[in-house]
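Structure file entry-v6.pdb with PDB, C-alpha atoms:
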```
MODEL        1
ATOM      1  CA  MET S 164     174.091  85.260  11.303
ATOM      2  CA  ASP S 165     170.383  85.523  12.186
ATOM      3  CA  ASN S 166     168.115  88.369  11.072
ATOM      4  CA  LEU S 167     168.216  90.117  14.454
ATOM      5  CA  SER S 168     172.023  90.160  14.530
ATOM      6  CA  LEU S 169     172.107  91.403  10.945
ATOM      7  CA  ILE S 170     169.711  94.242  11.777
ATOM      8  CA  LYS S 171     171.773  95.221  14.827
ATOM      9  CA  LYS S 172     174.939  95.267  12.746
ATOM     10  CA  ARG S 173     173.356  97.463  10.085
ATOM     11  CA  ILE S 174     171.858 100.014  12.465
ATOM     12  CA  ALA S 175     174.905 100.162  14.791
ATOM     13  CA  PRO S 176     176.644 102.944  12.786
ATOM     14  CA  PHE S 177     173.450 105.008  12.805
ATOM     15  CA  ILE S 178     172.964 104.527  16.552
ATOM     16  CA  GLY S 179     176.617 105.366  17.174
ATOM     17  CA  ALA S 180     176.412 108.546  15.109
ATOM     18  CA  ILE S 181     173.235 109.685  16.862
ATOM     19  CA  SER S 182     174.807 108.960  20.270
ATOM     20  CA  VAL S 183     177.876 111.081  19.536
ATOM     21  CA  PHE S 184     175.781 113.849  17.964
ATOM     22  CA  ILE S 185     173.438 114.130  20.956
ATOM     23  CA  GLY S 186     176.323 113.772  23.416
ATOM     24  CA  ALA S 187     178.347 116.548  21.771
ATOM     25  CA  ILE S 188     175.394 118.942  21.819
ATOM     26  CA  ALA S 189     174.595 118.048  25.431
ATOM     27  CA  PHE S 190     178.199 118.686  26.490
ATOM     28  CA  SER S 191     178.069 122.030  24.695
ATOM     29  CA  GLY S 192     174.996 122.990  26.694
ATOM     30  CA  LYS S 193     177.100 123.080  29.853
ATOM     31  CA  ALA S 194     178.482 126.523  29.052
ATOM     32  CA  ILE S 195     174.960 127.835  28.424
ATOM     33  CA  MET S 196     173.755 126.477  31.763
ATOM     34  CA  VAL S 197     176.728 127.990  33.592
ATOM     35  CA  LYS S 198     176.159 131.446  32.084
ATOM     36  CA  LEU S 199     172.440 131.276  32.954
ATOM     37  CA  VAL S 200     173.151 130.371  36.587
ATOM     38  CA  TYR S 201     175.757 133.139  36.940
ATOM     39  CA  GLN S 202     172.850 135.564  36.546
ATOM     40  CA  PHE S 203     171.722 134.439  40.024
ATOM     41  CA  ASP S 204     174.983 135.663  41.604
ATOM     42  CA  VAL S 205     176.355 132.174  42.259
ATOM     43  CA  ASP S 206     180.147 131.773  42.451
ATOM     44  CA  TYR S 207     181.913 129.255  40.230
ATOM     45  CA  ILE S 208     182.958 126.775  42.949
ATOM     46  CA  THR S 209     179.391 126.549  44.293
ATOM     47  CA  LEU S 210     178.038 125.931  40.808
ATOM     48  CA  LEU S 211     180.725 123.341  40.095
ATOM     49  CA  ALA S 212     179.942 121.636  43.408
ATOM     50  CA  LEU S 213     176.288 121.415  42.394
ATOM     51  CA  ARG S 214     177.208 119.872  39.052
ATOM     52  CA  MET S 215     179.587 117.314  40.503
ATOM     53  CA  GLY S 216     177.506 116.661  43.616
ATOM     54  CA  PHE S 217     174.434 115.755  41.579
ATOM     55  CA  SER S 218     176.596 113.695  39.184
ATOM     56  CA  LEU S 219     178.458 111.690  41.830
ATOM     57  CA  PRO S 220     175.629 109.228  42.767
ATOM     58  CA  PHE S 221     175.201 108.243  39.115
ATOM     59  CA  PHE S 222     178.895 107.493  38.643
ATOM     60  CA  LEU S 223     179.153 105.593  41.955
ATOM     61  CA  ILE S 224     176.131 103.419  41.147
ATOM     62  CA  ILE S 225     177.328 102.646  37.625
ATOM     63  CA  ALA S 226     180.836 101.871  38.911
ATOM     64  CA  PHE S 227     179.392  99.539  41.559
ATOM     65  CA  PHE S 228     177.474  97.484  39.024
ATOM     66  CA  SER S 229     180.268  97.453  36.422
ATOM     67  CA  LYS S 230     183.192  95.081  36.250
ATOM     68  CA  PRO S 231     186.701  96.332  35.477
ATOM     69  CA  THR S 232     188.555  94.623  32.648
ATOM     70  CA  VAL S 233     191.754  94.429  34.686
ATOM     71  CA  GLU S 234     193.481  91.066  34.506
ATOM     72  CA  GLY S 235     195.757  89.903  37.288
ATOM     73  CA  SER S 236     199.205  90.263  35.736
ATOM     74  CA  ASP S 237     198.309  93.535  33.984
ATOM     75  CA  PHE S 238     197.077  95.326  37.071
ATOM     76  CA  LYS S 239     199.439  97.274  39.324
ATOM     77  CA  PRO S 240     198.602  99.218  42.493
ATOM     78  CA  LYS S 241     200.078 102.359  40.899
ATOM     79  CA  ASP S 242     197.217 102.258  38.411
ATOM     80  CA  PHE S 243     194.892 103.441  41.175
ATOM     81  CA  TRP S 244     197.256 106.317  41.917
ATOM     82  CA  GLY S 245     197.119 107.095  38.228
ATOM     83  CA  LEU S 246     193.324 107.238  38.424
ATOM     84  CA  ILE S 247     193.520 109.709  41.306
ATOM     85  CA  VAL S 248     196.047 111.953  39.556
ATOM     86  CA  LEU S 249     194.127 111.929  36.276
ATOM     87  CA  GLY S 250     190.782 112.487  37.991
ATOM     88  CA  LEU S 251     192.186 115.536  39.762
ATOM     89  CA  LEU S 252     193.845 116.798  36.595
ATOM     90  CA  GLY S 253     191.163 116.182  33.999
ATOM     91  CA  TYR S 254     187.906 116.844  35.795
ATOM     92  CA  TYR S 255     188.836 118.753  38.947
ATOM     93  CA  LEU S 256     191.484 121.275  37.868
ATOM     94  CA  SER S 257     190.212 121.504  34.306
ATOM     95  CA  SER S 258     186.636 122.101  35.498
ATOM     96  CA  ILE S 259     187.720 124.762  37.978
ATOM     97  CA  PHE S 260     189.623 126.641  35.259
ATOM     98  CA  ASP S 261     186.656 126.280  32.913
ATOM     99  CA  PHE S 262     183.966 127.480  35.331
ATOM    100  CA  ALA S 263     186.176 130.333  36.560
ATOM    101  CA  GLY S 264     186.908 131.428  33.000
ATOM    102  CA  LEU S 265     183.221 131.408  32.048
ATOM    103  CA  GLN S 266     182.735 134.325  34.428
ATOM    104  CA  TYR S 267     184.627 136.522  31.965
ATOM    105  CA  VAL S 268     184.144 135.182  28.415
ATOM    106  CA  THR S 269     181.159 134.338  26.237
ATOM    107  CA  ALA S 270     179.898 130.772  26.035
ATOM    108  CA  SER S 271     180.774 130.555  22.329
ATOM    109  CA  LEU S 272     184.383 131.702  22.878
ATOM    110  CA  GLU S 273     184.733 129.284  25.791
ATOM    111  CA  ARG S 274     183.636 126.319  23.688
ATOM    112  CA  LEU S 275     185.942 127.331  20.844
ATOM    113  CA  ILE S 276     189.011 127.591  23.092
ATOM    114  CA  LEU S 277     188.188 124.303  24.837
ATOM    115  CA  PHE S 278     187.714 122.614  21.481
ATOM    116  CA  ILE S 279     191.427 122.975  20.665
ATOM    117  CA  TYR S 280     192.454 120.323  23.199
ATOM    118  CA  PRO S 281     193.272 117.730  20.458
ATOM    119  CA  THR S 282     195.835 120.144  19.041
ATOM    120  CA  LEU S 283     197.373 120.515  22.501
ATOM    121  CA  VAL S 284     197.573 116.715  22.802
ATOM    122  CA  VAL S 285     199.561 116.625  19.557
ATOM    123  CA  ILE S 286     201.886 119.449  20.623
ATOM    124  CA  ILE S 287     202.497 118.015  24.119
ATOM    125  CA  SER S 288     203.106 114.537  22.703
ATOM    126  CA  ALA S 289     205.624 115.959  20.232
ATOM    127  CA  ILE S 290     207.496 117.885  22.946
ATOM    128  CA  PHE S 291     207.527 115.345  25.786
ATOM    129  CA  LEU S 292     206.954 111.994  24.057
ATOM    130  CA  LYS S 293     208.911 112.821  20.884
ATOM    131  CA  LYS S 294     206.002 111.826  18.637
ATOM    132  CA  LYS S 295     206.415 112.952  15.056
ATOM    133  CA  ILE S 296     203.988 115.493  13.600
ATOM    134  CA  VAL S 297     203.102 114.838   9.957
ATOM    135  CA  PRO S 298     203.046 117.836   7.563
ATOM    136  CA  ILE S 299     199.253 117.993   7.223
ATOM    137  CA  VAL S 300     198.928 118.319  11.005
ATOM    138  CA  TYR S 301     201.234 121.360  10.973
ATOM    139  CA  ILE S 302     198.848 122.966   8.483
ATOM    140  CA  ALA S 303     195.865 121.994  10.644
ATOM    141  CA  LEU S 304     197.488 123.484  13.759
ATOM    142  CA  LEU S 305     198.138 126.731  11.922
ATOM    143  CA  LEU S 306     194.541 126.779  10.663
ATOM    144  CA  THR S 307     193.185 126.181  14.173
ATOM    145  CA  TYR S 308     195.078 129.002  15.854
ATOM    146  CA  ILE S 309     194.394 131.416  13.012
ATOM    147  CA  GLY S 310     190.717 130.657  13.629
ATOM    148  CA  ILE S 311     191.077 131.401  17.347
ATOM    149  CA  PHE S 312     192.808 134.685  16.515
ATOM    150  CA  ILE S 313     190.037 135.631  14.049
ATOM    151  CA  VAL S 314     187.381 135.154  16.737
ATOM    152  CA  PHE S 315     189.416 136.616  19.597
ATOM    153  CA  TYR S 316     190.827 139.750  17.964
ATOM    154  CA  PRO S 317     187.536 141.697  17.508
ATOM    155  CA  GLU S 318     186.618 141.022  21.146
ATOM    156  CA  LEU S 319     190.105 142.094  22.232
ATOM    157  CA  ASN S 320     189.646 145.411  20.429
ATOM    158  CA  GLN S 321     186.509 146.036  22.482
ATOM    159  CA  MET S 322     188.431 145.015  25.633
ATOM    160  CA  PRO S 323     185.574 143.689  27.782
ATOM    161  CA  ALA S 324     186.571 143.384  31.426
ATOM    162  CA  ASN S 325     188.865 140.437  32.185
ATOM    163  CA  LEU S 326     188.607 138.970  28.668
ATOM    164  CA  ILE S 327     192.283 138.008  28.663
ATOM    165  CA  LEU S 328     192.059 136.498  32.158
ATOM    166  CA  GLY S 329     189.010 134.459  31.189
ATOM    167  CA  SER S 330     190.630 133.250  27.978
ATOM    168  CA  ILE S 331     193.788 132.201  29.838
ATOM    169  CA  LEU S 332     191.689 130.259  32.342
ATOM    170  CA  ILE S 333     189.778 128.471  29.572
ATOM    171  CA  PHE S 334     193.043 127.693  27.791
ATOM    172  CA  ALA S 335     194.361 126.261  31.081
ATOM    173  CA  ALA S 336     191.255 124.055  31.196
ATOM    174  CA  ALA S 337     191.982 122.786  27.676
ATOM    175  CA  LEU S 338     195.663 122.248  28.540
ATOM    176  CA  THR S 339     195.014 120.248  31.719
ATOM    177  CA  TYR S 340     192.412 118.176  29.879
ATOM    178  CA  ALA S 341     194.977 117.464  27.136
ATOM    179  CA  PHE S 342     197.451 116.171  29.741
ATOM    180  CA  TYR S 343     194.626 114.072  31.199
ATOM    181  CA  LEU S 344     193.920 112.484  27.810
ATOM    182  CA  ILE S 345     197.579 111.641  27.262
ATOM    183  CA  GLY S 346     197.758 109.982  30.674
ATOM    184  CA  SER S 347     194.507 108.102  30.100
ATOM    185  CA  GLY S 348     195.910 106.129  27.188
ATOM    186  CA  SER S 349     197.491 103.430  29.340
ATOM    187  CA  LEU S 350     194.679 103.090  31.901
ATOM    188  CA  ILE S 351     191.511 102.992  29.793
ATOM    189  CA  PRO S 352     192.379  99.588  28.204
ATOM    190  CA  LYS S 353     192.895  98.119  31.687
ATOM    191  CA  PHE S 354     189.700  99.327  33.312
ATOM    192  CA  GLY S 355     187.408  99.728  30.317
ATOM    193  CA  VAL S 356     185.876 103.017  29.177
ATOM    194  CA  VAL S 357     182.760 102.945  31.364
ATOM    195  CA  ILE S 358     184.301 102.075  34.703
ATOM    196  CA  TYR S 359     187.349 104.270  34.035
ATOM    197  CA  THR S 360     185.043 107.233  33.403
ATOM    198  CA  CYS S 361     183.100 106.478  36.584
ATOM    199  CA  TYR S 362     186.280 106.265  38.669
ATOM    200  CA  VAL S 363     187.904 109.480  37.478
ATOM    201  CA  MET S 364     184.620 111.413  37.601
ATOM    202  CA  SER S 365     183.926 110.168  41.137
ATOM    203  CA  ILE S 366     187.427 111.180  42.276
ATOM    204  CA  ALA S 367     187.028 114.611  40.711
ATOM    205  CA  SER S 368     183.559 115.053  42.210
ATOM    206  CA  ILE S 369     184.798 114.262  45.710
ATOM    207  CA  ALA S 370     187.716 116.684  45.266
ATOM    208  CA  VAL S 371     185.355 119.462  44.128
ATOM    209  CA  LEU S 372     183.029 118.869  47.089
ATOM    210  CA  ILE S 373     185.960 118.975  49.538
ATOM    211  CA  HIS S 374     187.171 122.202  47.908
ATOM    212  CA  PHE S 375     183.668 123.649  48.201
ATOM    213  CA  ILE S 376     183.279 122.717  51.884
ATOM    214  CA  ILE S 377     186.700 124.154  52.801
ATOM    215  CA  THR S 378     186.282 127.457  50.947
ATOM    216  CA  THR S 379     182.587 128.174  51.469
ATOM    217  CA  ASP S 380     180.780 129.492  54.517
ATOM    218  CA  LEU S 381     177.925 126.991  54.481
ATOM    219  CA  LYS S 382     175.941 128.948  57.083
ATOM    220  CA  LYS S 383     175.632 131.897  54.715
ATOM    221  CA  LEU S 384     174.903 129.773  51.663
ATOM    222  CA  HIS S 385     171.404 130.241  50.294
ATOM    223  CA  LEU S 386     170.567 128.674  46.959
ATOM    224  CA  SER S 387     167.253 129.193  45.241
ATOM    225  CA  GLN S 388     165.213 126.314  43.896
ATOM    226  CA  THR S 389     165.953 127.526  40.372
ATOM    227  CA  VAL S 390     169.720 127.275  40.908
ATOM    228  CA  LEU S 391     169.357 123.765  42.349
ATOM    229  CA  ILE S 392     167.272 122.712  39.344
ATOM    230  CA  TYR S 393     169.891 124.111  36.962
ATOM    231  CA  GLY S 394     172.585 122.219  38.883
ATOM    232  CA  ALA S 395     170.673 118.952  38.622
ATOM    233  CA  LEU S 396     169.968 119.466  34.907
ATOM    234  CA  MET S 397     173.612 120.266  34.248
ATOM    235  CA  ALA S 398     174.684 117.119  36.084
ATOM    236  CA  VAL S 399     172.311 114.776  34.263
ATOM    237  CA  PHE S 400     172.068 116.248  30.768
ATOM    238  CA  CYS S 401     175.452 118.009  30.406
ATOM    239  CA  THR S 402     177.687 115.621  32.336
ATOM    240  CA  VAL S 403     176.506 112.068  33.018
ATOM    241  CA  LEU S 404     174.375 111.410  29.939
ATOM    242  CA  PRO S 405     176.752 112.834  27.290
ATOM    243  CA  SER S 406     179.829 111.160  28.789
ATOM    244  CA  PHE S 407     178.283 107.729  28.271
ATOM    245  CA  LEU S 408     176.600 108.584  24.966
ATOM    246  CA  ILE S 409     179.915 109.619  23.443
ATOM    247  CA  SER S 410     181.757 106.623  24.900
ATOM    248  CA  TYR S 411     179.086 104.318  23.466
ATOM    249  CA  GLY S 412     179.206 106.097  20.120
ATOM    250  CA  ILE S 413     182.994 105.764  19.900
ATOM    251  CA  LYS S 414     182.638 102.058  20.611
ATOM    252  CA  LEU S 415     180.215 101.660  17.684
ATOM    253  CA  ILE S 416     181.722 103.915  15.010
ATOM    254  CA  GLY S 417     185.297 104.594  16.116
ATOM    255  CA  ALA S 418     187.150 107.680  17.291
ATOM    256  CA  GLY S 419     187.748 109.147  13.814
ATOM    257  CA  ARG S 420     184.100 109.281  12.802
ATOM    258  CA  SER S 421     183.153 110.410  16.290
ATOM    259  CA  ALA S 422     185.568 113.348  15.974
ATOM    260  CA  ILE S 423     183.851 114.422  12.770
ATOM    261  CA  ILE S 424     180.374 114.275  14.310
ATOM    262  CA  GLY S 425     181.589 115.805  17.585
ATOM    263  CA  SER S 426     182.680 118.925  15.716
ATOM    264  CA  VAL S 427     179.044 120.013  15.978
ATOM    265  CA  GLY S 428     179.926 121.135  19.544
ATOM    266  CA  PRO S 429     181.228 124.683  18.919
ATOM    267  CA  VAL S 430     178.543 125.321  16.305
ATOM    268  CA  SER S 431     175.742 124.186  18.621
ATOM    269  CA  THR S 432     177.132 126.382  21.419
ATOM    270  CA  LEU S 433     177.158 129.351  19.056
ATOM    271  CA  ILE S 434     173.493 128.761  18.183
ATOM    272  CA  MET S 435     172.362 128.066  21.757
ATOM    273  CA  ALA S 436     174.239 131.132  23.034
ATOM    274  CA  TYR S 437     172.377 133.231  20.466
ATOM    275  CA  PHE S 438     168.935 131.969  21.506
ATOM    276  CA  PHE S 439     169.380 131.568  25.277
ATOM    277  CA  LEU S 440     172.000 134.194  26.165
ATOM    278  CA  GLY S 441     171.524 136.805  23.465
ATOM    279  CA  GLU S 442     175.135 136.502  22.262
ATOM    280  CA  ARG S 443     175.784 137.839  18.765
ATOM    281  CA  ILE S 444     176.663 135.666  15.788
ATOM    282  CA  THR S 445     178.887 137.607  13.390
ATOM    283  CA  PRO S 446     180.433 136.649  10.033
ATOM    284  CA  VAL S 447     183.867 136.895  11.664
ATOM    285  CA  GLN S 448     182.809 134.388  14.333
ATOM    286  CA  LEU S 449     181.528 131.989  11.708
ATOM    287  CA  ILE S 450     184.751 132.219   9.691
ATOM    288  CA  GLY S 451     186.952 131.748  12.767
ATOM    289  CA  THR S 452     184.812 128.856  14.028
ATOM    290  CA  THR S 453     185.045 127.162  10.630
ATOM    291  CA  PHE S 454     188.847 127.447  10.690
ATOM    292  CA  VAL S 455     189.042 125.978  14.191
ATOM    293  CA  VAL S 456     186.632 123.118  13.473
ATOM    294  CA  LEU S 457     188.438 122.155  10.260
ATOM    295  CA  GLY S 458     191.842 122.329  11.935
ATOM    296  CA  VAL S 459     190.807 120.251  14.932
ATOM    297  CA  LEU S 460     189.085 117.699  12.688
ATOM    298  CA  VAL S 461     192.249 117.151  10.664
ATOM    299  CA  VAL S 462     194.339 116.818  13.819
ATOM    300  CA  SER S 463     191.840 114.433  15.463
ATOM    301  CA  ILE S 464     191.421 112.182  12.438
ATOM    302  CA  SER S 465     195.151 112.115  11.657
ATOM    303  CA  SER S 466     196.001 111.139  15.238
ATOM    304  CA  LYS S 467     193.654 108.137  15.064
ATOM    305  CA  LYS S 468     195.305 106.611  12.028
TER     306      LYS S 468
ENDMDL
END
```
Kindly transcribe the structure held in the file into structure tokens.
Amino acid sequence: MDNLSLIKKRIAPFIGAISVFIGAIAFSGKAIMVKLVYQFDVDYITLLALRMGFSLPFFLIIAFFSKPTVEGSDFKPKDFWGLIVLGLLGYYLSSIFDFAGLQYVTASLERLILFIYPTLVVIISAIFLKKKIVPIVYIALLLTYIGIFIVFYPELNQMPANLILGSILIFAAALTYAFYLIGSGSLIPKFGVVIYTCYVMSIASIAVLIHFIITTDLKKLHLSQTVLIYGALMAVFCTVLPSFLISYGIKLIGAGRSAIIGSVGPVSTLIMAYFFLGERITPVQLIGTTFVVLGVLVVSISSKK
């Protein structure tokens, strides 16, 4: 092994960790961007259309210049139908639920509820795929949902308008994304992470744009330059860039380590929401967030073994 190869091998874990860390924070910034744009009286489907519309060219170009890893005998036409179904489920329906729910809940609560999707993967797999849950995962699940209750209960007592509706919508986003992840297991090895991501994101983007065109009176649509800039920033820095950073990081350091580093997501949202949106950070929030992060970490790492 030459010196250059040795250096690359030694710095690969560091590069992978940095990639996942930056990607997780960038993904978390999506909720902050959404809440900021809602101040301009923009509805959720218009904002989602901006995000996906600005993202679509990037995914199409990358898909065009990438080669799938499908090999003749392994590939079946139904795999493309699987891509369509999963694209609609994971990044169309899930995104609609998420953006709709963000109209009613804080950015920090949204990120915390979304963050439980690994626990939903475990529960769904146990129910429908009969996968066994080891004892430590039961404890982690309990810890996670106690954490959600700790954060949610004080806000429920104050009963802000549509809090329950918003929380249900965000939970639906996490649930549909969990189903998407379960379905992705058989297709990602065939297409490869990069081109698979490009395909499902492109499908979802087209679906969102069709939804937007059908449901929106384009003649009455007037978007300020500021809203367009936010849409472009959200597409590049909170969608395209983090999706590939995290995929690259997982390739270098593995899913288990990536899960540990990715747990920075809810914490970074909490901090960004405090500085950019004026949301409060309370001791109860910190305790609940800690419970959720620890629970999800145990579930994520255990599922990778």
Legend entry - d(CA of Gly264 in chain S, CA of Val197 in chain S) in Å: 10.8 Å
Evaluated on this file, the PyMOL selection byres ((chain S and resi 368-384) around 9) picks out some residues - which ones are they, written as a PDB file with C-alpha atoms, in the coordinates of the input?
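To be explicit, this is the file written out as out-v5.pdb:
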```pdb
ATOM      1  CA  ILE S 208     182.958 126.775  42.949  1.00  0.00           C
ATOM      2  CA  THR S 209     179.391 126.549  44.293  1.00  0.00           C
ATOM      3  CA  LEU S 211     180.725 123.341  40.095  1.00  0.00           C
ATOM      4  CA  ALA S 212     179.942 121.636  43.408  1.00  0.00           C
ATOM      5  CA  LEU S 213     176.288 121.415  42.394  1.00  0.00           C
ATOM      6  CA  ARG S 214     177.208 119.872  39.052  1.00  0.00           C
ATOM      7  CA  MET S 215     179.587 117.314  40.503  1.00  0.00           C
ATOM      8  CA  GLY S 216     177.506 116.661  43.616  1.00  0.00           C
ATOM      9  CA  SER S 218     176.596 113.695  39.184  1.00  0.00           C
ATOM     10  CA  LEU S 219     178.458 111.690  41.830  1.00  0.00           C
ATOM     11  CA  GLY S 250     190.782 112.487  37.991  1.00  0.00           C
ATOM     12  CA  LEU S 251     192.186 115.536  39.762  1.00  0.00           C
ATOM     13  CA  TYR S 254     187.906 116.844  35.795  1.00  0.00           C
ATOM     14  CA  TYR S 255     188.836 118.753  38.947  1.00  0.00           C
ATOM     15  CA  LEU S 256     191.484 121.275  37.868  1.00  0.00           C
ATOM     16  CA  ILE S 259     187.720 124.762  37.978  1.00  0.00           C
ATOM     17  CA  VAL S 363     187.904 109.480  37.478  1.00  0.00           C
ATOM     18  CA  MET S 364     184.620 111.413  37.601  1.00  0.00           C
ATOM     19  CA  SER S 365     183.926 110.168  41.137  1.00  0.00           C
ATOM     20  CA  ILE S 366     187.427 111.180  42.276  1.00  0.00           C
ATOM     21  CA  ALA S 367     187.028 114.611  40.711  1.00  0.00           C
ATOM     22  CA  HIS S 385     171.404 130.241  50.294  1.00  0.00           C
ATOM     23  CA  LEU S 386     170.567 128.674  46.959  1.00  0.00           C
TER      24      LEU S 386
END
```
Legend entry - Selection: 7 Å around Gly428 in chain S, all atoms listed in the file, excl. self and same-chain fewer than 6 positions, as a VMD selection string: chain S and resid 187 to 188 191
Legend entry - Shortest interatomic distance to Asp206 in chain S - which of S:Ile224, S:Val390, S:Ile287, S:Leu306, counting only C-alpha atoms: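 Between S:Ile224, S:Val390, S:Ile287, S:Leu306, the residue approaching Asp206 in chain S most closely is S:Val390.
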Near-Ile327 in chain S list (12 Å; all atoms listed in the file; drop same-chain fewer than 5 positions) as a short mmCIF file (atom, residue, chain, number, x, y, z; two decimals) with C-alpha atoms, keeping the file's coordinate frame:
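selection.cif, freshly written:
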```cif
data_model
loop_
_atom_site.label_atom_id
_atom_site.label_comp_id
_atom_site.auth_asym_id
_atom_site.auth_seq_id
_atom_site.Cartn_x
_atom_site.Cartn_y
_atom_site.Cartn_z
CA GLY S 264 186.91 131.43 33.00
CA LEU S 265 183.22 131.41 32.05
CA GLN S 266 182.74 134.32 34.43
CA TYR S 267 184.63 136.52 31.96
CA VAL S 268 184.14 135.18 28.42
CA THR S 269 181.16 134.34 26.24
CA LEU S 272 184.38 131.70 22.88
CA GLU S 273 184.73 129.28 25.79
CA PHE S 315 189.42 136.62 19.60
CA TYR S 316 190.83 139.75 17.96
CA GLU S 318 186.62 141.02 21.15
CA LEU S 319 190.10 142.09 22.23
CA ASN S 320 189.65 145.41 20.43
CA GLN S 321 186.51 146.04 22.48
CA MET S 322 188.43 145.01 25.63
CA LEU S 332 191.69 130.26 32.34
CA ILE S 333 189.78 128.47 29.57
CA PHE S 334 193.04 127.69 27.79
#
```
Legend entry - Pick from S:Thr282, S:Asn325, S:Ser182, S:Gln388, whichever lies nearest to Leu305 in chain S using only C-alpha atoms: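 The shortest atom-to-atom distance to Leu305 in chain S comes from S:Thr282.
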Inset, instruction - Rank S:Ser465, S:Gln448, S:Thr402, S:Ser387 by their smallest atom-to-atom distance to Val205 in chain S, using all atoms listed in the file, and report the top residue only. - result: S:Ser387
Legend entry - Pick from S:Ala395, S:Val447, S:Ala422, S:Val248, whichever lies nearest to Pro317 in chain S using all atoms listed in the file: S:Val447
N, CA and C atoms are what I want for range 170-185 of chain S; can you complete it accordingly and write them as a compact mmCIF listing (two decimals), in the frame of the given file?
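Final output, out-v6.txt:
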```
# COMPACT_ATOMS: atom_id res chain seq x y z
N ILE S 170 170.34 92.92 11.60
CA ILE S 170 169.71 94.24 11.78
C ILE S 170 170.53 95.09 12.74
N LYS S 171 170.96 94.50 13.84
CA LYS S 171 171.77 95.22 14.83
C LYS S 171 173.07 95.73 14.21
N LYS S 172 173.69 94.89 13.38
CA LYS S 172 174.94 95.27 12.75
C LYS S 172 174.74 96.43 11.78
N ARG S 173 173.61 96.41 11.07
CA ARG S 173 173.36 97.46 10.09
C ARG S 173 173.00 98.80 10.73
N ILE S 174 172.29 98.75 11.85
CA ILE S 174 171.86 100.01 12.46
C ILE S 174 172.88 100.54 13.47
N ALA S 175 173.90 99.74 13.81
CA ALA S 175 174.90 100.16 14.79
C ALA S 175 175.59 101.48 14.41
N PRO S 176 176.01 101.66 13.14
CA PRO S 176 176.64 102.94 12.79
C PRO S 176 175.70 104.12 12.97
N PHE S 177 174.43 103.93 12.65
CA PHE S 177 173.45 105.01 12.80
C PHE S 177 173.26 105.35 14.28
N ILE S 178 173.13 104.31 15.11
CA ILE S 178 172.96 104.53 16.55
C ILE S 178 174.20 105.20 17.14
N GLY S 179 175.38 104.77 16.69
CA GLY S 179 176.62 105.37 17.17
C GLY S 179 176.72 106.83 16.81
N ALA S 180 176.35 107.15 15.57
CA ALA S 180 176.41 108.55 15.11
C ALA S 180 175.44 109.42 15.89
N ILE S 181 174.24 108.93 16.10
CA ILE S 181 173.24 109.68 16.86
C ILE S 181 173.70 109.90 18.30
N SER S 182 174.32 108.87 18.89
CA SER S 182 174.81 108.96 20.27
C SER S 182 175.85 110.06 20.41
N VAL S 183 176.82 110.07 19.48
CA VAL S 183 177.88 111.08 19.54
C VAL S 183 177.30 112.47 19.27
N PHE S 184 176.39 112.57 18.32
CA PHE S 184 175.78 113.85 17.96
C PHE S 184 175.03 114.45 19.16
N ILE S 185 174.20 113.65 19.79
CA ILE S 185 173.44 114.13 20.96
C ILE S 185 174.38 114.44 22.12
```
